[in-house]
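The structure under discussion appears below in the form of structure tokens.
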Amino acid sequence: MNVLILNLGSSSLKFQVIATDLARIKQYQDDRLCRGEVEGIGGEAIIRFKYRDQQAKTLTAPLSDISATLDYLVKHIASEQSGVVEIKKTADIQAVGHRVVHGGEMFKESALIDDRVLKEIENCIDLAPLHNPNNIKGILAAKALLGDIPQVAVFDTSFHHSIPEQAFLYAIPYHLYRRHRIRRYGFHGTSHRYVAFRYRTLRGLTREQTNIITLHLGNGCSASAIKAGRSVDTSMGMTPLEGLVMGTRCGDVDPAIVGVIARKEGLSSSEVDALLNTQSGLLGISGLTNDMRELQSELKEHEDRRVRLAIEIFCYRARKYIGGFLASMGGADAIVFTGGIGENSPDIRARICAGMEWAGLRVDPAKNQATAGREGPISTDDSSLQAYAIPTDEELLIARDTVRVIEGEPHPS
Ligand code: ADP
């Protein structure tokens with residue numbers, strides 16, 4: 001089954017086509033045909049497109065909206081010019097898997113999209129006003145373009161459904177949870193779930209034997225406490241703003257700060273919201289960039305106090321969460337790093353793990369260096385708390401969930 005995977009941001013789209021089915025999933029024989037992203041939807045868009053391991057091509061086209069983008073993309077994939085010999089016509093795409101950011105309290109697992117599911121995704125719009133509307137547009141555009149082929153929604157929030165009340169409720173008046181569903185939902189669930197699956201596969205463990213803390217460190221960052229294979233706590237909250245320091249998001253702050261900033265800076269609450277989401281984190285502290293790699297190379301060239309602080313605060317916050325989760329879950333067997341930073345930066349991994357010998361964790365510098373962008377252990381063999389780096393692959397999990405939901409396989413993992 002050729003599955004088109006769509007991951008829609010506010011003005012960008014990441015896509016892949018993966019050929020897979022139940023037999024291929026079992027044998028790890030999923031076949032990634034093409035991948036890429038579209039940036040600048042709504043104007044002159046830039047499309048990066050890669051067929052298998054061939055060199056990526058960059059194209060440009062005026063793409064007014066999501067519908068036009070999808071139309072362009074599917075036509076391109078089916079054209080001779082794309083090089084995707086497996087797909088010669090639109091009908092060669094047999095299913096669509098969507099990353100949907102917010103599934104609220106409704107979706108405990110991935111769902112075949114029908115009118116009822118679509119309505120429920122709409123009901124979650126107030127929980128994710130920037131994301132869910134675009135996900136819905138993507139679903140409707142795919143239906144208009146590809147007809148009645150099965151479409152599956154894979155939610156960022158689903159994996160965290162197992163978090164107990166004591167960890168998902170905020171200590172605010174209980175009626176606010178009842179009335180407005182204000183609680184911790186957590187995000188990046190597909191990534192945490194995928195690396196937990198890879199970790200237990202690498203170590204030959206069952207789901208029940210999997211007790212780990214996963215750290216997804218990309219532009220967005222979150223930590224997840226996984227006990228007996230299930231998420232029992234996570235750092236992101238009702239929105240993806242809470243928790244770790246991120247590229248442009250502040251993570252944890254004293255909630256009273258919001259009112260103070262509004263008063264002192266003469267900003268509305270939505271302006272403060274934007275400031276905490278888009279002007280904070282690594283960018284806010286350094287005053288330079290949200291990009292960790294740039295911060296690191298800046299620091300190599302010359303001492304910059306704010307750049308150093310940005311990196312230190314980022315790593316300190318991550319370590320603090322590891323400590324908190326170790327205590328709340330009664331210890332863990334490993335910490336797993338993933339996401340652009342977690343996968344590729346031995347330096348940040350070492351900084352986060354520094355001084356954690358008390359917990360039985362000692363990073364092996366040679367293994368840590370050798371595991372940039374690859375999967376494997378980065379701690380010494382005798383560490384009682386191991387550390388791993390595992391590249392995430394949310395798209396693969398979305399493709400697999402899509403197939404499993406369509407084929408009626410219960411509780412895909
Ligand atoms: P997103 O969350 O948008 O998917 P990514 O997971 O791609 O983002 O992560 C982007 C972050 O990863 C950026 O801060 C980038 O600088 C960082 N990154 C990527 N490669 C490296 C590297 N080799 N060293 C340090 N940071 C890196």
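Following the order of the structure tokens, first chain is A, next is B, and so on, with residues numbered from 1 inside each chain and ligands from 1 in the order they appear.
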
Closest atom pairs, chain A residues within 6 Å of ligand 1, only C-alpha atoms and all ligand atoms, as JSON lines:
{"residue": "A:Gly218", "atom": "CA", "partner": "ligand 1", "partner_atom_place_in_ligand_line": "9 (O)", "distance": 3.3}
{"residue": "A:Asn219", "atom": "CA", "partner": "ligand 1", "partner_atom_place_in_ligand_line": "2 (O)", "distance": 3.7}
{"residue": "A:Gly220", "atom": "CA", "partner": "ligand 1", "partner_atom_place_in_ligand_line": "2 (O)", "distance": 4.7}
{"residue": "A:Asp291", "atom": "CA", "partner": "ligand 1", "partner_atom_place_in_ligand_line": "14 (O)", "distance": 3.8}
{"residue": "A:Met292", "atom": "CA", "partner": "ligand 1", "partner_atom_place_in_ligand_line": "16 (O)", "distance": 3.9}
{"residue": "A:Arg293", "atom": "CA", "partner": "ligand 1", "partner_atom_place_in_ligand_line": "16 (O)", "distance": 3.9}
{"residue": "A:Gly339", "atom": "CA", "partner": "ligand 1", "partner_atom_place_in_ligand_line": "6 (O)", "distance": 4.0}
{"residue": "A:Gly340", "atom": "CA", "partner": "ligand 1", "partner_atom_place_in_ligand_line": "9 (O)", "distance": 3.4}
{"residue": "A:Ile341", "atom": "CA", "partner": "ligand 1", "partner_atom_place_in_ligand_line": "12 (O)", "distance": 4.0}
{"residue": "A:Asn344", "atom": "CA", "partner": "ligand 1", "partner_atom_place_in_ligand_line": "23 (N)", "distance": 4.3}
{"residue": "A:Ser345", "atom": "CA", "partner": "ligand 1", "partner_atom_place_in_ligand_line": "24 (N)", "distance": 4.2}

DSSP-assigned strand (DSSP E) among range 136-363 of chain A, expressed as an MDAnalysis selection string: chainID A and resid 151:155 212:217 221:227 230:234 334:338

Name all residues at most 9 Å from Lys108 in chain A (count only C-alpha atoms; drop same-chain ones fewer than 4 positions away) and give them as a CSV table (one decimal) with C-alpha atoms, in the first residue's frame.
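Result written to out_15.csv:
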chain,number,residue,atom,x,y,z
A,103,GLY,CA,-6.8,14.7,19.7
A,104,GLY,CA,-8.0,16.1,23.1
A,155,PHE,CA,-2.5,12.2,17.0
A,157,THR,CA,-1.5,13.5,22.0
A,158,SER,CA,-2.6,9.8,21.9
A,159,PHE,CA,0.5,8.3,23.4
A,160,HIS,CA,0.0,10.4,26.5
A,161,HIS,CA,-3.5,9.1,27.2
A,162,SER,CA,-2.1,6.8,29.8

Residues of range 295-376 of chain A at most 12 Å from range 245-265 of chain A: nearest atom pair and distance in Å, only C-alpha atoms, as a Markdown table:
| residue | atom | partner | partner_atom | distance |
| --- | --- | --- | --- | --- |
| A:Leu295 | CA | A:Gly247 | CA | 10.8 |
| A:Leu309 | CA | A:Val245 | CA | 11.9 |
| A:Ala310 | CA | A:Val245 | CA | 8.9 |
| A:Ile311 | CA | A:Val245 | CA | 9.5 |
| A:Glu312 | CA | A:Val245 | CA | 10.4 |
| A:Ile313 | CA | A:Val245 | CA | 7.5 |
| A:Phe314 | CA | A:Val245 | CA | 5.3 |
| A:Cys315 | CA | A:Val245 | CA | 8.4 |
| A:Tyr316 | CA | A:Val245 | CA | 9.3 |
| A:Arg317 | CA | A:Val245 | CA | 6.8 |
| A:Ala318 | CA | A:Val245 | CA | 7.8 |
| A:Arg319 | CA | A:Val245 | CA | 11.3 |
| A:Lys320 | CA | A:Val245 | CA | 11.4 |
| A:Tyr321 | CA | A:Asp252 | CA | 10.8 |
| A:Gly339 | CA | A:Met246 | CA | 11.7 |
| A:Gly340 | CA | A:Gly247 | CA | 11.3 |
| A:Ile341 | CA | A:Gly247 | CA | 10.5 |

Within 6 Å of Val154 in chain A using only C-alpha atoms, minus same-chain residues under 2 positions, as a PyMOL selection string: chain A and resi 98-100+110

Range 376-404 of chain A residues near range 184-193 of chain A within 12 Å, closest pair each, using only C-alpha atoms, as a Markdown table:
| residue | atom | partner | partner_atom | distance |
| --- | --- | --- | --- | --- |
| A:Ile390 | CA | A:Ser191 | CA | 10.3 |
| A:Pro391 | CA | A:Ser191 | CA | 9.3 |
| A:Thr392 | CA | A:Ser191 | CA | 5.8 |
| A:Asp393 | CA | A:Ser191 | CA | 6.8 |
| A:Glu394 | CA | A:Ser191 | CA | 5.4 |
| A:Glu395 | CA | A:Thr190 | CA | 8.8 |
| A:Leu396 | CA | A:Thr190 | CA | 9.8 |
| A:Leu397 | CA | A:Thr190 | CA | 7.0 |
| A:Ile398 | CA | A:Thr190 | CA | 7.8 |
| A:Ala399 | CA | A:Thr190 | CA | 11.4 |
| A:Arg400 | CA | A:Thr190 | CA | 11.4 |
| A:Asp401 | CA | A:Thr190 | CA | 10.2 |

Save the residues we just selected, all heavy atoms, as a CSV table (one decimal), in the first residue's frame?
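What ended up in part22.csv:
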chain,number,residue,atom,x,y,z
A,390,ILE,N,18.6,7.8,19.6
A,390,ILE,CA,17.8,7.1,18.6
A,390,ILE,C,17.1,8.1,17.7
A,390,ILE,O,16.3,8.8,18.1
A,390,ILE,CB,16.8,6.1,19.3
A,390,ILE,CG1,17.5,5.1,20.2
A,390,ILE,CG2,15.9,5.5,18.2
A,390,ILE,CD1,16.6,4.1,20.8
A,391,PRO,N,17.5,8.1,16.4
A,391,PRO,CA,16.8,9.0,15.5
A,391,PRO,C,15.3,8.7,15.4
A,391,PRO,O,14.9,7.5,15.3
A,391,PRO,CB,17.4,8.7,14.1
A,391,PRO,CG,18.8,8.2,14.4
A,391,PRO,CD,18.6,7.4,15.7
A,392,THR,N,14.5,9.7,15.5
A,392,THR,CA,13.0,9.5,15.4
A,392,THR,C,12.6,9.3,14.0
A,392,THR,O,13.3,9.6,13.0
A,392,THR,CB,12.3,10.7,16.1
A,392,THR,OG1,10.9,10.3,16.3
A,392,THR,CG2,12.3,11.9,15.2
A,393,ASP,N,11.4,8.8,13.8
A,393,ASP,CA,10.9,8.6,12.5
A,393,ASP,C,9.3,8.6,12.6
A,393,ASP,O,8.7,7.6,12.5
A,393,ASP,CB,11.4,7.3,11.9
A,393,ASP,CG,11.2,7.3,10.3
A,393,ASP,OD1,10.4,8.0,9.8
A,393,ASP,OD2,11.9,6.5,9.7
A,394,GLU,N,8.8,9.8,12.8
A,394,GLU,CA,7.4,9.9,13.0
A,394,GLU,C,6.6,9.5,11.8
A,394,GLU,O,5.5,8.9,11.9
A,394,GLU,CB,7.0,11.4,13.4
A,394,GLU,CG,7.5,11.7,14.8
A,394,GLU,CD,7.7,13.2,15.0
A,394,GLU,OE1,8.7,13.8,14.6
A,394,GLU,OE2,6.8,13.9,15.6
A,395,GLU,N,7.2,9.8,10.6
A,395,GLU,CA,6.5,9.5,9.3
A,395,GLU,C,6.3,8.0,9.2
A,395,GLU,O,5.3,7.5,8.7
A,395,GLU,CB,7.2,10.1,8.1
A,395,GLU,CG,7.0,11.6,8.0
A,395,GLU,CD,7.9,12.4,8.9
A,395,GLU,OE1,8.8,11.8,9.6
A,395,GLU,OE2,7.7,13.6,9.0
A,396,LEU,N,7.4,7.2,9.5
A,396,LEU,CA,7.3,5.8,9.4
A,396,LEU,C,6.1,5.3,10.3
A,396,LEU,O,5.3,4.4,9.9
A,396,LEU,CB,8.6,5.1,9.8
A,396,LEU,CG,8.6,3.6,9.7
A,396,LEU,CD1,8.4,3.1,8.3
A,396,LEU,CD2,9.9,3.0,10.2
A,397,LEU,N,6.1,5.8,11.6
A,397,LEU,CA,5.1,5.3,12.5
A,397,LEU,C,3.7,5.7,12.0
A,397,LEU,O,2.7,4.9,12.1
A,397,LEU,CB,5.3,5.9,13.9
A,397,LEU,CG,4.6,5.3,15.0
A,397,LEU,CD1,4.7,3.7,15.0
A,397,LEU,CD2,5.1,5.8,16.4
A,398,ILE,N,3.6,6.9,11.4
A,398,ILE,CA,2.3,7.3,10.8
A,398,ILE,C,1.9,6.3,9.7
A,398,ILE,O,0.7,5.9,9.6
A,398,ILE,CB,2.3,8.8,10.3
A,398,ILE,CG1,2.5,9.7,11.5
A,398,ILE,CG2,1.0,9.1,9.5
A,398,ILE,CD1,2.7,11.2,11.2
A,399,ALA,N,2.8,6.0,8.8
A,399,ALA,CA,2.5,5.1,7.7
A,399,ALA,C,2.1,3.7,8.2
A,399,ALA,O,1.1,3.1,7.8
A,399,ALA,CB,3.8,4.9,6.8
A,400,ARG,N,2.8,3.2,9.3
A,400,ARG,CA,2.5,1.9,9.8
A,400,ARG,C,1.1,2.0,10.5
A,400,ARG,O,0.3,1.0,10.4
A,400,ARG,CB,3.5,1.5,10.8
A,400,ARG,CG,4.8,1.2,10.1
A,400,ARG,CD,5.9,0.9,11.1
A,400,ARG,NE,7.0,0.2,10.4
A,400,ARG,CZ,8.0,-0.5,11.1
A,400,ARG,NH1,8.0,-0.5,12.4
A,400,ARG,NH2,8.9,-1.0,10.4
A,401,ASP,N,0.8,3.0,11.3
A,401,ASP,CA,-0.5,3.2,11.9
A,401,ASP,C,-1.6,3.2,10.9
A,401,ASP,O,-2.7,2.6,11.1
A,401,ASP,CB,-0.5,4.4,12.8
A,401,ASP,CG,-0.2,4.2,14.2
A,401,ASP,OD1,0.4,3.1,14.5
A,401,ASP,OD2,-0.5,5.0,15.1
